[in-house]
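Note: the block below is final_30.cif and it holds mmCIF, C-alpha atoms.
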data_my_file
#
loop_
_atom_site.label_atom_id
_atom_site.label_comp_id
_atom_site.auth_asym_id
_atom_site.auth_seq_id
_atom_site.Cartn_x
_atom_site.Cartn_y
_atom_site.Cartn_z
CA MET A 1 8.27 -81.14 -42.47
CA GLN A 2 11.63 -81.61 -40.74
CA ASN A 3 13.31 -78.78 -42.69
CA ASN A 4 10.19 -76.76 -43.55
CA PRO A 5 11.14 -73.09 -42.90
CA VAL A 6 8.63 -70.93 -41.04
CA ILE A 7 8.43 -67.39 -39.67
CA VAL A 8 7.96 -67.64 -35.92
CA ASP A 9 7.98 -63.90 -35.25
CA ILE A 10 8.93 -60.61 -36.87
CA VAL A 11 9.43 -57.10 -35.47
CA ARG A 12 10.66 -53.70 -36.52
CA SER A 13 11.70 -50.45 -34.97
CA PRO A 14 9.58 -47.36 -35.44
CA MET A 15 10.31 -45.61 -38.72
CA ALA A 16 11.98 -42.21 -38.27
CA ARG A 17 13.01 -39.38 -40.56
CA GLY A 18 16.50 -40.17 -41.83
CA LYS A 19 18.10 -36.79 -41.22
CA ALA A 20 19.51 -34.73 -38.40
CA GLY A 21 16.81 -34.24 -35.79
CA GLY A 22 14.98 -37.41 -36.74
CA ALA A 23 13.67 -39.43 -33.80
CA LEU A 24 16.34 -42.13 -34.18
CA SER A 25 19.19 -40.00 -35.51
CA GLU A 26 21.05 -39.99 -32.18
CA VAL A 27 21.12 -43.81 -32.02
CA HIS A 28 24.12 -45.64 -33.50
CA PRO A 29 22.94 -48.14 -36.16
CA ALA A 30 24.42 -51.07 -34.22
CA ASP A 31 22.47 -50.01 -31.14
CA LEU A 32 19.28 -49.55 -33.16
CA LEU A 33 19.58 -53.08 -34.56
CA SER A 34 20.68 -54.44 -31.16
CA GLN A 35 17.56 -53.15 -29.43
CA THR A 36 15.39 -54.59 -32.19
CA ILE A 37 17.06 -58.01 -31.93
CA ALA A 38 16.79 -57.96 -28.14
CA ALA A 39 13.08 -57.18 -28.31
CA LEU A 40 12.49 -60.04 -30.75
CA MET A 41 14.36 -62.49 -28.52
CA ALA A 42 12.48 -61.27 -25.43
CA ARG A 43 9.19 -62.12 -27.16
CA ASN A 44 10.33 -65.69 -27.82
CA ASP A 45 11.51 -67.78 -24.90
CA PHE A 46 14.38 -70.03 -25.99
CA ASP A 47 18.13 -70.31 -25.52
CA PRO A 48 19.78 -67.66 -27.78
CA GLY A 49 22.78 -69.96 -28.07
CA LEU A 50 20.66 -72.17 -30.35
CA VAL A 51 20.69 -69.51 -33.10
CA ASP A 52 22.78 -70.83 -35.99
CA ASP A 53 23.39 -67.59 -37.86
CA LEU A 54 22.40 -63.96 -38.28
CA ILE A 55 21.86 -62.80 -41.87
CA MET A 56 21.41 -59.04 -41.98
CA GLY A 57 20.87 -56.65 -44.87
CA CYS A 58 22.48 -53.23 -45.14
CA VAL A 59 23.02 -51.09 -48.23
CA SER A 60 25.50 -48.41 -47.13
CA GLN A 61 28.14 -50.58 -45.47
CA ALA A 62 30.42 -47.66 -44.68
CA GLY A 63 31.23 -45.45 -41.70
CA GLU A 64 29.21 -46.60 -38.69
CA GLN A 65 27.84 -49.47 -40.78
CA ALA A 66 31.22 -50.60 -42.13
CA VAL A 67 31.70 -53.66 -39.90
CA PRO A 68 29.22 -56.58 -39.74
CA THR A 69 26.56 -54.55 -37.94
CA GLY A 70 24.50 -57.63 -37.16
CA ARG A 71 27.44 -59.21 -35.32
CA THR A 72 28.05 -56.02 -33.33
CA ALA A 73 24.34 -55.68 -32.54
CA TRP A 74 24.04 -59.29 -31.34
CA LEU A 75 27.03 -58.97 -29.01
CA ALA A 76 25.91 -55.54 -27.80
CA ALA A 77 22.64 -57.14 -26.71
CA GLY A 78 24.62 -59.54 -24.50
CA PHE A 79 24.01 -62.70 -26.50
CA PRO A 80 26.46 -65.63 -26.90
CA GLN A 81 29.63 -64.81 -28.82
CA HIS A 82 29.72 -68.13 -30.74
CA VAL A 83 26.74 -67.08 -32.91
CA PRO A 84 28.04 -65.76 -36.28
CA CYS A 85 26.69 -63.17 -38.69
CA THR A 86 26.97 -62.27 -42.32
CA MET A 87 25.79 -59.11 -44.09
CA VAL A 88 23.82 -59.06 -47.34
CA GLU A 89 23.69 -56.24 -49.88
CA ARG A 90 21.10 -56.53 -52.62
CA ARG A 91 20.29 -52.84 -52.53
CA CYS A 92 16.70 -52.13 -51.40
CA GLY A 93 15.94 -55.86 -51.27
CA SER A 94 18.81 -56.66 -48.91
CA SER A 95 16.75 -57.87 -45.94
CA GLN A 96 14.22 -59.63 -48.17
CA GLN A 97 17.18 -61.52 -49.62
CA ALA A 98 18.35 -62.18 -46.05
CA ILE A 99 15.03 -63.89 -45.34
CA HIS A 100 15.39 -65.91 -48.56
CA PHE A 101 18.87 -67.07 -47.57
CA ALA A 102 17.67 -67.96 -44.07
CA ALA A 103 14.69 -69.98 -45.31
CA GLN A 104 16.69 -71.65 -48.06
CA GLY A 105 19.44 -72.58 -45.59
CA ILE A 106 16.87 -74.16 -43.28
CA ALA A 107 15.24 -76.03 -46.17
CA ALA A 108 18.68 -77.35 -47.15
CA GLY A 109 19.29 -78.62 -43.63
CA ALA A 110 22.17 -76.22 -42.94
CA TYR A 111 20.32 -74.31 -40.20
CA ASP A 112 17.58 -74.78 -37.61
CA ILE A 113 17.29 -71.16 -36.41
CA VAL A 114 18.28 -67.91 -38.16
CA LEU A 115 17.65 -64.26 -37.41
CA ALA A 116 17.15 -62.48 -40.75
CA GLY A 117 16.70 -58.74 -41.01
CA GLY A 118 18.27 -55.43 -41.82
CA ILE A 119 19.46 -52.03 -40.68
CA GLU A 120 19.85 -48.62 -42.26
CA SER A 121 20.54 -45.39 -40.42
CA MET A 122 20.25 -42.94 -43.31
CA SER A 123 20.68 -39.95 -41.00
CA ARG A 124 24.11 -41.17 -39.85
CA VAL A 125 25.27 -43.01 -42.98
CA PRO A 126 23.75 -41.12 -45.91
CA MET A 127 22.73 -42.93 -49.09
CA GLY A 128 25.70 -43.31 -51.42
CA SER A 129 28.30 -43.18 -48.64
CA ALA A 130 29.96 -46.40 -49.81
CA ARG A 131 30.81 -44.87 -53.21
CA MET A 132 33.19 -42.30 -51.72
CA GLY A 133 32.55 -40.09 -54.75
CA LYS A 134 33.67 -42.74 -57.24
CA GLU A 135 31.93 -43.90 -60.44
CA PRO A 136 30.87 -47.53 -59.77
CA HIS A 137 30.10 -48.91 -63.24
CA GLY A 138 33.37 -49.10 -65.18
CA GLU A 139 34.01 -48.69 -68.89
CA ALA A 140 32.74 -52.06 -70.15
CA PHE A 141 29.35 -51.55 -68.51
CA GLU A 142 29.12 -47.99 -69.82
CA CYS A 143 29.84 -49.24 -73.34
CA ARG A 144 26.95 -51.68 -73.13
CA PHE A 145 24.59 -49.36 -71.23
CA PRO A 146 25.59 -45.78 -72.08
CA GLY A 147 24.00 -42.84 -70.34
CA MET A 148 22.68 -44.53 -67.20
CA VAL A 149 20.38 -42.38 -65.09
CA GLY A 150 19.45 -42.17 -61.40
CA GLN A 151 16.43 -43.81 -59.86
CA GLY A 152 14.38 -40.62 -59.91
CA ILE A 153 14.75 -40.39 -63.69
CA SER A 154 13.93 -44.10 -63.98
CA ALA A 155 10.72 -43.41 -62.05
CA GLU A 156 9.90 -40.57 -64.47
CA LEU A 157 10.47 -42.91 -67.42
CA ILE A 158 8.17 -45.55 -65.92
CA ALA A 159 5.46 -42.96 -65.33
CA ALA A 160 5.73 -41.81 -68.94
CA ARG A 161 5.86 -45.26 -70.52
CA TRP A 162 3.03 -46.72 -68.43
CA GLY A 163 0.88 -43.62 -68.84
CA ILE A 164 0.74 -42.74 -65.14
CA ASP A 165 0.04 -39.06 -64.56
CA ARG A 166 0.89 -36.79 -61.63
CA GLU A 167 -2.71 -36.81 -60.38
CA ALA A 168 -2.74 -40.61 -60.10
CA MET A 169 0.63 -40.61 -58.32
CA ASP A 170 -0.42 -38.00 -55.77
CA ALA A 171 -3.75 -39.73 -55.12
CA TYR A 172 -1.96 -43.02 -54.56
CA SER A 173 0.59 -41.37 -52.26
CA ALA A 174 -2.06 -39.67 -50.13
CA ARG A 175 -3.81 -43.03 -49.79
CA SER A 176 -0.56 -44.58 -48.51
CA HIS A 177 -0.53 -42.12 -45.61
CA GLN A 178 -4.25 -42.57 -44.98
CA ARG A 179 -3.98 -46.35 -44.89
CA ALA A 180 -0.96 -46.25 -42.60
CA GLU A 181 -2.77 -43.89 -40.23
CA GLN A 182 -5.87 -46.12 -40.26
CA ALA A 183 -3.71 -49.11 -39.37
CA ARG A 184 -2.08 -47.14 -36.58
CA GLN A 185 -5.37 -45.87 -35.16
CA ALA A 186 -6.78 -49.40 -35.21
CA GLY A 187 -3.79 -50.64 -33.22
CA GLY A 188 -2.61 -52.72 -36.14
CA LEU A 189 1.02 -51.58 -35.96
CA ALA A 190 1.46 -52.31 -32.26
CA ASN A 191 2.33 -55.99 -32.72
CA GLU A 192 5.18 -55.29 -35.13
CA ILE A 193 6.79 -52.16 -33.65
CA VAL A 194 9.19 -52.48 -30.72
CA PRO A 195 10.18 -49.37 -28.73
CA ILE A 196 13.67 -47.94 -29.09
CA GLU A 197 15.49 -46.09 -26.32
CA THR A 198 17.26 -42.93 -27.49
CA PRO A 199 19.13 -40.14 -25.68
CA GLY A 200 15.94 -38.10 -26.02
CA GLY A 201 13.61 -40.75 -24.65
CA THR A 202 11.64 -43.76 -25.86
CA VAL A 203 10.44 -43.85 -29.48
CA SER A 204 7.52 -46.22 -29.99
CA THR A 205 5.57 -44.88 -32.98
CA ASP A 206 6.36 -44.11 -36.61
CA GLU A 207 7.49 -40.53 -37.14
CA THR A 208 6.96 -40.71 -40.90
CA ILE A 209 3.17 -41.02 -41.20
CA ARG A 210 1.48 -37.71 -42.03
CA ALA A 211 -2.20 -38.24 -41.33
CA SER A 212 -3.25 -34.91 -42.84
CA THR A 213 -1.75 -35.64 -46.28
CA THR A 214 -4.10 -35.07 -49.22
CA ALA A 215 -3.70 -35.39 -52.96
CA GLU A 216 -4.47 -31.69 -53.26
CA GLY A 217 -1.65 -30.83 -50.87
CA LEU A 218 0.80 -33.10 -52.67
CA ALA A 219 -0.10 -31.46 -55.96
CA GLN A 220 1.48 -28.22 -54.70
CA LEU A 221 4.95 -29.76 -54.32
CA LYS A 222 7.68 -29.01 -56.83
CA THR A 223 9.07 -31.83 -58.97
CA SER A 224 12.47 -33.13 -57.90
CA PHE A 225 14.45 -34.28 -60.93
CA ASN A 226 13.94 -31.71 -63.72
CA ASN A 227 16.94 -31.69 -66.03
CA ASP A 228 17.17 -30.07 -69.47
CA GLU A 229 19.70 -32.59 -70.79
CA ILE A 230 17.53 -35.52 -69.69
CA ALA A 231 14.43 -33.83 -71.11
CA ALA A 232 16.11 -33.56 -74.52
CA ARG A 233 17.09 -37.20 -74.39
CA PHE A 234 13.70 -38.44 -73.16
CA PRO A 235 11.04 -36.01 -74.45
CA GLU A 236 8.27 -38.29 -73.16
CA ILE A 237 9.04 -37.35 -69.54
CA ASN A 238 6.42 -35.06 -67.97
CA TRP A 239 8.33 -34.33 -64.72
CA SER A 240 5.94 -35.67 -62.09
CA ILE A 241 8.10 -37.16 -59.32
CA THR A 242 8.19 -35.14 -56.08
CA ALA A 243 9.24 -35.73 -52.50
CA GLY A 244 5.58 -36.41 -51.76
CA ASN A 245 5.10 -39.29 -54.20
CA SER A 246 8.46 -40.92 -53.39
CA SER A 247 9.55 -43.06 -50.46
CA GLN A 248 10.95 -41.25 -47.45
CA ILE A 249 14.62 -41.31 -46.42
CA THR A 250 14.38 -43.17 -43.14
CA ASP A 251 16.15 -44.71 -40.15
CA GLY A 252 14.98 -48.17 -39.13
CA ALA A 253 15.72 -51.79 -38.28
CA SER A 254 13.69 -54.99 -38.69
CA VAL A 255 14.28 -58.64 -37.81
CA ALA A 256 12.50 -61.96 -38.43
CA LEU A 257 12.91 -65.18 -36.45
CA VAL A 258 13.03 -67.98 -39.01
CA MET A 259 13.12 -71.63 -37.91
CA SER A 260 12.55 -75.12 -39.16
CA GLU A 261 9.02 -76.15 -38.30
CA ALA A 262 10.42 -79.12 -36.37
CA MET A 263 12.58 -76.85 -34.20
CA ALA A 264 9.69 -74.46 -33.55
CA ASN A 265 7.56 -77.39 -32.39
CA ARG A 266 10.40 -78.69 -30.21
CA LEU A 267 10.72 -75.28 -28.53
CA GLY A 268 6.97 -74.86 -28.12
CA LEU A 269 6.86 -71.80 -30.41
CA ARG A 270 3.93 -71.21 -32.76
CA PRO A 271 4.87 -70.49 -36.40
CA ARG A 272 3.01 -67.54 -37.90
CA ALA A 273 3.70 -68.18 -41.61
CA ARG A 274 5.36 -70.64 -43.95
CA PHE A 275 7.21 -69.98 -47.19
CA VAL A 276 5.47 -71.01 -50.41
CA ALA A 277 7.90 -69.77 -53.10
CA PHE A 278 10.88 -67.50 -53.77
CA ASP A 279 12.09 -65.62 -56.82
CA VAL A 280 14.75 -63.13 -57.76
CA ILE A 281 15.18 -61.69 -61.23
CA ALA A 282 16.74 -58.73 -63.03
CA ASP A 283 15.32 -56.43 -65.71
CA ASP A 284 16.34 -53.36 -67.75
CA PRO A 285 18.99 -51.44 -65.71
CA LEU A 286 17.91 -48.13 -67.26
CA LEU A 287 14.28 -48.40 -66.16
CA MET A 288 15.73 -50.07 -63.06
CA LEU A 289 12.47 -50.24 -61.05
CA THR A 290 10.36 -52.56 -63.23
CA ALA A 291 11.64 -55.99 -62.12
CA PRO A 292 8.82 -56.52 -59.55
CA ILE A 293 6.55 -57.17 -62.55
CA PRO A 294 8.42 -60.20 -63.99
CA ALA A 295 9.35 -61.32 -60.45
CA THR A 296 5.67 -61.50 -59.56
CA GLN A 297 4.78 -63.28 -62.78
CA ARG A 298 7.53 -65.86 -62.27
CA ILE A 299 6.84 -66.56 -58.61
CA LEU A 300 3.13 -67.07 -59.25
CA LYS A 301 4.02 -69.56 -61.96
CA LYS A 302 6.47 -71.32 -59.65
CA ALA A 303 3.79 -71.61 -56.97
CA GLY A 304 1.08 -72.69 -59.43
CA MET A 305 -1.01 -69.71 -58.36
CA ASP A 306 -2.86 -66.80 -59.92
CA VAL A 307 -3.06 -63.14 -58.92
CA ALA A 308 -6.58 -63.77 -57.61
CA ASP A 309 -5.21 -66.36 -55.14
CA ILE A 310 -3.20 -63.73 -53.24
CA ASP A 311 -4.97 -61.98 -50.36
CA GLN A 312 -2.39 -59.24 -49.76
CA PHE A 313 0.39 -57.76 -51.88
CA GLU A 314 3.30 -55.74 -50.54
CA VAL A 315 5.04 -53.90 -53.39
CA ASN A 316 7.64 -51.44 -52.14
CA GLU A 317 6.66 -47.84 -52.82
CA ALA A 318 10.10 -46.62 -53.86
CA PHE A 319 8.25 -44.14 -56.08
CA ALA A 320 4.50 -44.10 -56.76
CA PRO A 321 4.89 -45.24 -60.42
CA VAL A 322 6.44 -48.53 -59.26
CA PRO A 323 3.33 -50.06 -57.63
CA LEU A 324 1.05 -48.29 -60.13
CA ALA A 325 2.87 -49.80 -63.13
CA TRP A 326 2.83 -53.15 -61.32
CA LEU A 327 -0.94 -52.81 -60.86
CA LYS A 328 -1.45 -52.05 -64.54
CA ASP A 329 0.47 -55.10 -65.72
CA LEU A 330 -0.67 -57.59 -63.06
CA LYS A 331 -4.29 -56.38 -62.99
CA ALA A 332 -4.43 -57.03 -59.26
CA ASP A 333 -7.12 -55.75 -56.91
CA PRO A 334 -5.85 -52.34 -55.71
CA GLU A 335 -7.56 -52.90 -52.36
CA ARG A 336 -5.16 -55.80 -51.71
CA LEU A 337 -2.06 -53.74 -52.50
CA ASN A 338 -0.23 -52.25 -49.50
CA PRO A 339 -3.43 -52.10 -47.42
CA ARG A 340 -1.54 -50.81 -44.35
CA GLY A 341 0.37 -48.12 -46.24
CA GLY A 342 3.78 -48.40 -47.82
CA ALA A 343 7.16 -46.71 -47.98
CA ILE A 344 5.67 -43.38 -49.09
CA ALA A 345 4.05 -43.15 -45.66
CA LEU A 346 6.18 -45.45 -43.52
CA GLY A 347 9.57 -44.71 -45.06
CA HIS A 348 12.28 -46.71 -46.79
CA PRO A 349 15.30 -47.51 -44.58
CA LEU A 350 16.99 -49.32 -47.49
CA GLY A 351 18.59 -52.40 -45.88
CA ALA A 352 15.72 -52.81 -43.39
CA SER A 353 12.84 -52.39 -45.82
CA GLY A 354 12.54 -56.01 -46.94
CA THR A 355 11.81 -57.27 -43.45
CA ARG A 356 9.63 -54.22 -42.77
CA LEU A 357 7.43 -55.19 -45.73
CA MET A 358 7.32 -58.76 -44.47
CA SER A 359 6.16 -57.54 -41.05
CA SER A 360 3.33 -55.69 -42.78
CA LEU A 361 2.48 -58.82 -44.74
CA VAL A 362 2.45 -61.23 -41.78
CA ASN A 363 0.49 -58.89 -39.52
CA GLY A 364 -1.86 -57.82 -42.29
CA LEU A 365 -2.79 -61.41 -43.14
CA GLU A 366 -3.42 -62.15 -39.49
CA GLU A 367 -5.66 -59.10 -39.16
CA SER A 368 -7.68 -59.79 -42.31
CA GLY A 369 -7.77 -63.57 -42.04
CA GLY A 370 -6.17 -63.82 -45.47
CA ARG A 371 -4.24 -66.94 -46.39
CA TYR A 372 -1.59 -66.01 -48.97
CA GLY A 373 0.63 -62.94 -49.24
CA LEU A 374 3.13 -61.83 -51.89
CA GLN A 375 5.98 -59.38 -51.34
CA THR A 376 8.19 -57.84 -54.01
CA MET A 377 10.43 -54.81 -54.26
CA CYS A 378 12.53 -53.07 -56.88
CA GLU A 379 16.28 -52.88 -56.36
CA ALA A 380 18.97 -50.72 -57.93
CA GLY A 381 20.46 -52.18 -61.08
CA GLY A 382 17.07 -53.43 -62.25
CA GLN A 383 16.59 -56.33 -59.83
CA ALA A 384 13.70 -57.59 -57.68
CA ASN A 385 13.03 -60.25 -55.09
CA ALA A 386 9.62 -61.87 -54.62
CA THR A 387 8.31 -64.03 -51.79
CA ILE A 388 4.98 -65.82 -51.27
CA ILE A 389 4.00 -66.82 -47.74
CA GLU A 390 1.02 -68.64 -46.27
CA ARG A 391 -0.43 -67.54 -42.93
CA LEU A 392 -0.54 -70.32 -40.36
#

Write-out of the structure in structure tokens:
Amino acid sequence: MQNNPVIVDIVRSPMARGKAGGALSEVHPADLLSQTIAALMARNDFDPGLVDDLIMGCVSQAGEQAVPTGRTAWLAAGFPQHVPCTMVERRCGSSQQAIHFAAQGIAAGAYDIVLAGGIESMSRVPMGSARMGKEPHGEAFECRFPGMVGQGISAELIAARWGIDREAMDAYSARSHQRAEQARQAGGLANEIVPIETPGGTVSTDETIRASTTAEGLAQLKTSFNNDEIAARFPEINWSITAGNSSQITDGASVALVMSEAMANRLGLRPRARFVAFDVIADDPLLMLTAPIPATQRILKKAGMDVADIDQFEVNEAFAPVPLAWLKDLKADPERLNPRGGAIALGHPLGASGTRLMSSLVNGLEESGGRYGLQTMCEAGGQANATIIERL
């Protein structure tokens, strides 16, 4: 029990459209993360100097996100300068990996208290900024894996190979918005969202949820990735991916307070969840988005559990075929999958999404009275993290 890692608290900023004019687009990413960290610390009364480390995820570590943004954010909030920070980049799973590193460090006895989270201001540091127009793979990789494609094409390939049609994708996507709106109307998002001050005023609700979304409306959208050369290479593609059945480009930050159970007890803080198991695995880099399937299978085996033992699943909705293919292979109860909406409705601020999903998982289990939750998300390059937690 001495080194048993637990989640004491977890918060996130509102999710905002990641483009000019978005509700958080005038806030520097360091300030966005700083306000989120400050709100988390204000909810938990202990000496901030006791924090051993900050582990923060960020995908586009360029421009305004080029320095250790977590370090800048911590100091900007006025906290002690002796507390260090490191940044993690495992693509879309960056902040989920940050939580893994935090919990694993506590279990190993290296830490007592860690803030783990992530930041991505996609309006100010657009996706792909770190590439600077360069080809990232190199010749040896291209020889082994010729003709790599983008994630949108990978999503089309998954839809084709798992037999997921446009109608199913649009129905699923509309349900994501409906579930997110239901959670909002029921007050279920209030405990995880912290308000952010911007030059235009206070932002305290998600900008991304479109309550009026219907499958019929989504069916009118044009497909996004049509390409004659790709169609000739992969004739099975039916061109079904649209902006409406994909995750939204988003600005956001999220942070979890992870402690040893002994330290939480010493400080008089009540843990909300404990970690049951971790996994990270890689899969086919061409399909790219399928690794949540083997990650889920492996973590369940590690934990000695079955799909039926899990009360809530959070599978990142990078594109609708990702959770739908996962559902087909895992044969999970669809009612337990992303019951509070996912990235199609809430948005996908890359480096912050892992902790955002965890906030949905912790709060969702508390609302439903469920015991076990499983989170997994696809990551560029064909990778995926998975985490199982138990509500306390």

Q: Please provide as a VMD selection string all residues within 8 Å of A:Arg270, with the sequence filter that same-chain residues fewer than 5 positions apart are discarded (counting all atoms listed in the file).
A: chain A and resid 8 264 to 265

(Q) Quick check on the file I pasted: which residues fall under the PyMOL selection byres ((chain A and resi 128) around 12)? Write them as a PyMOL selection string. (A) chain A and resi 59-63+91+122+124-127+129-136+150+350+380

Q. Which residues come within 10 Å of A:Ile153, counting all atoms listed in the file, excluding same-chain residues fewer than 3 positions away, as a count of residues only?
A. 20

Q) Hey, which of A:Ser123, A:Gln297, A:Thr387, A:Gln81 ends up closest to A:Gln375? Count only C-alpha atoms. A)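 So, comparing all the options, the nearest one is A:Thr387.
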
Q: Using the chain letters and numbers from the file, give me the residues hit by the PyMOL selection byres ((chain A and resi 163-174) around 6), as number ranges by chain.
A: A: 159-162, 175-177, 213-215, 218, 240, 245, 320

Q.
Under the PyMOL selection byres ((chain A and resi 269) around 12), which residues of this model are included? Write them out as a list of chain:residue names.
A. A:Val6, A:Ile7, A:Val8, A:Asp9, A:Arg43, A:Asn44, A:Asp45, A:Phe46, A:Leu257, A:Val258, A:Met259, A:Ser260, A:Glu261, A:Ala262, A:Met263, A:Ala264, A:Asn265, A:Arg266, A:Leu267, A:Gly268, A:Arg270, A:Pro271, A:Arg272

Q) Between A:Pro321, A:Gly117, A:Gly70, A:Pro146, which has the minimum distance to A:Pro349 (counting all atoms listed in the file)? A)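 Among the listed residues, A:Gly117 lies closest to A:Pro349.
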
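Minimum atom-to-atom distances from A:Ala291, A:Ala76, A:Ile389, A:Ala343 to A:Ala325 were compared using all atoms listed in the file, and the lowest value belongs to A:Ala291.
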
Q) What is the atom CA of A:Ala98 to atom CA of A:Lys328 distance in Å? A)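 Computed distance, atom CA of A:Ala98 to atom CA of A:Lys328, equals 28.9 Å.
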
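Within 12 Å of the file-frame point (26.2, -53.9, -29.7), and using all atoms listed in the file, the polymer residues found are Val27, His28, Pro29, Ala30, Asp31, Leu32, Leu33, Ser34, Gln35, Thr36, Ile37, Ala38, Glu64, Val67, Pro68, Thr69, Gly70, Arg71, Thr72, Ala73, Trp74, Leu75, Ala76, Ala77, Gly78, Phe79 and Gln81 of chain A.
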
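If you look at atom CA of A:His137 and atom CA of A:Cys85, they are 28.6 Å away from each other.
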
Q) To one decimal place, how far is atom CA of A:Asn191 from atom CA of A:Thr205 in Å? A)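 So the answer is 11.6 Å.
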
With a cut-off of 12 Å, could you pull out the residues of stretch 89-185 of chain A touching stretch 39-42 of chain A and give me the nearest pair of atoms for each, distance in Å to one decimal, using all atoms listed in the file, ordered by chain and ascending number, as JSON lines?
{"residue": "A:Val114", "atom": "CA", "partner": "A:Met41", "partner_atom": "CA", "distance": 11.7}
{"residue": "A:Leu115", "atom": "CA", "partner": "A:Leu40", "partner_atom": "CA", "distance": 9.4}
{"residue": "A:Ala116", "atom": "CA", "partner": "A:Leu40", "partner_atom": "CA", "distance": 11.3}
{"residue": "A:Gly117", "atom": "CA", "partner": "A:Leu40", "partner_atom": "CA", "distance": 11.2}

Could you write those residues out with C-alpha atoms, as an mmCIF file, in the frame of the given file?
data_model
loop_
_atom_site.group_PDB
_atom_site.id
_atom_site.type_symbol
_atom_site.label_atom_id
_atom_site.label_comp_id
_atom_site.auth_asym_id
_atom_site.auth_seq_id
_atom_site.Cartn_x
_atom_site.Cartn_y
_atom_site.Cartn_z
ATOM 1 C CA VAL A 114 18.280 -67.910 -38.160
ATOM 2 C CA LEU A 115 17.650 -64.260 -37.410
ATOM 3 C CA ALA A 116 17.150 -62.480 -40.750
ATOM 4 C CA GLY A 117 16.700 -58.740 -41.010
#

Q: Using all atoms listed in the file, find the one residue out of A:Lys331, A:His348, A:Lys222, A:Lys302 that sits nearest to A:Ile119.
A: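 Closest to A:Ile119 of all the choices is A:His348.
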
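Among the candidate residues A:Ser247, A:Arg336, A:Thr376, A:Ile55, the one lying nearest to A:Glu89 is A:Ile55, with distances computed using all atoms listed in the file.
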
With the cut-off set at 8 Å and counting only C-alpha atoms, tabulate each residue of stretch 213-312 of chain A with an atom at most that distance from an atom of stretch 351-354 of chain A, showing the nearest atom pair and its distance in Å to one decimal, ordered by chain and increasing number, as CSV.
residue,atom,partner,partner_atom,distance
A:Gly252,CA,A:Ala352,CA,6.3
A:Ala253,CA,A:Ala352,CA,5.2
A:Ser254,CA,A:Ala352,CA,5.6
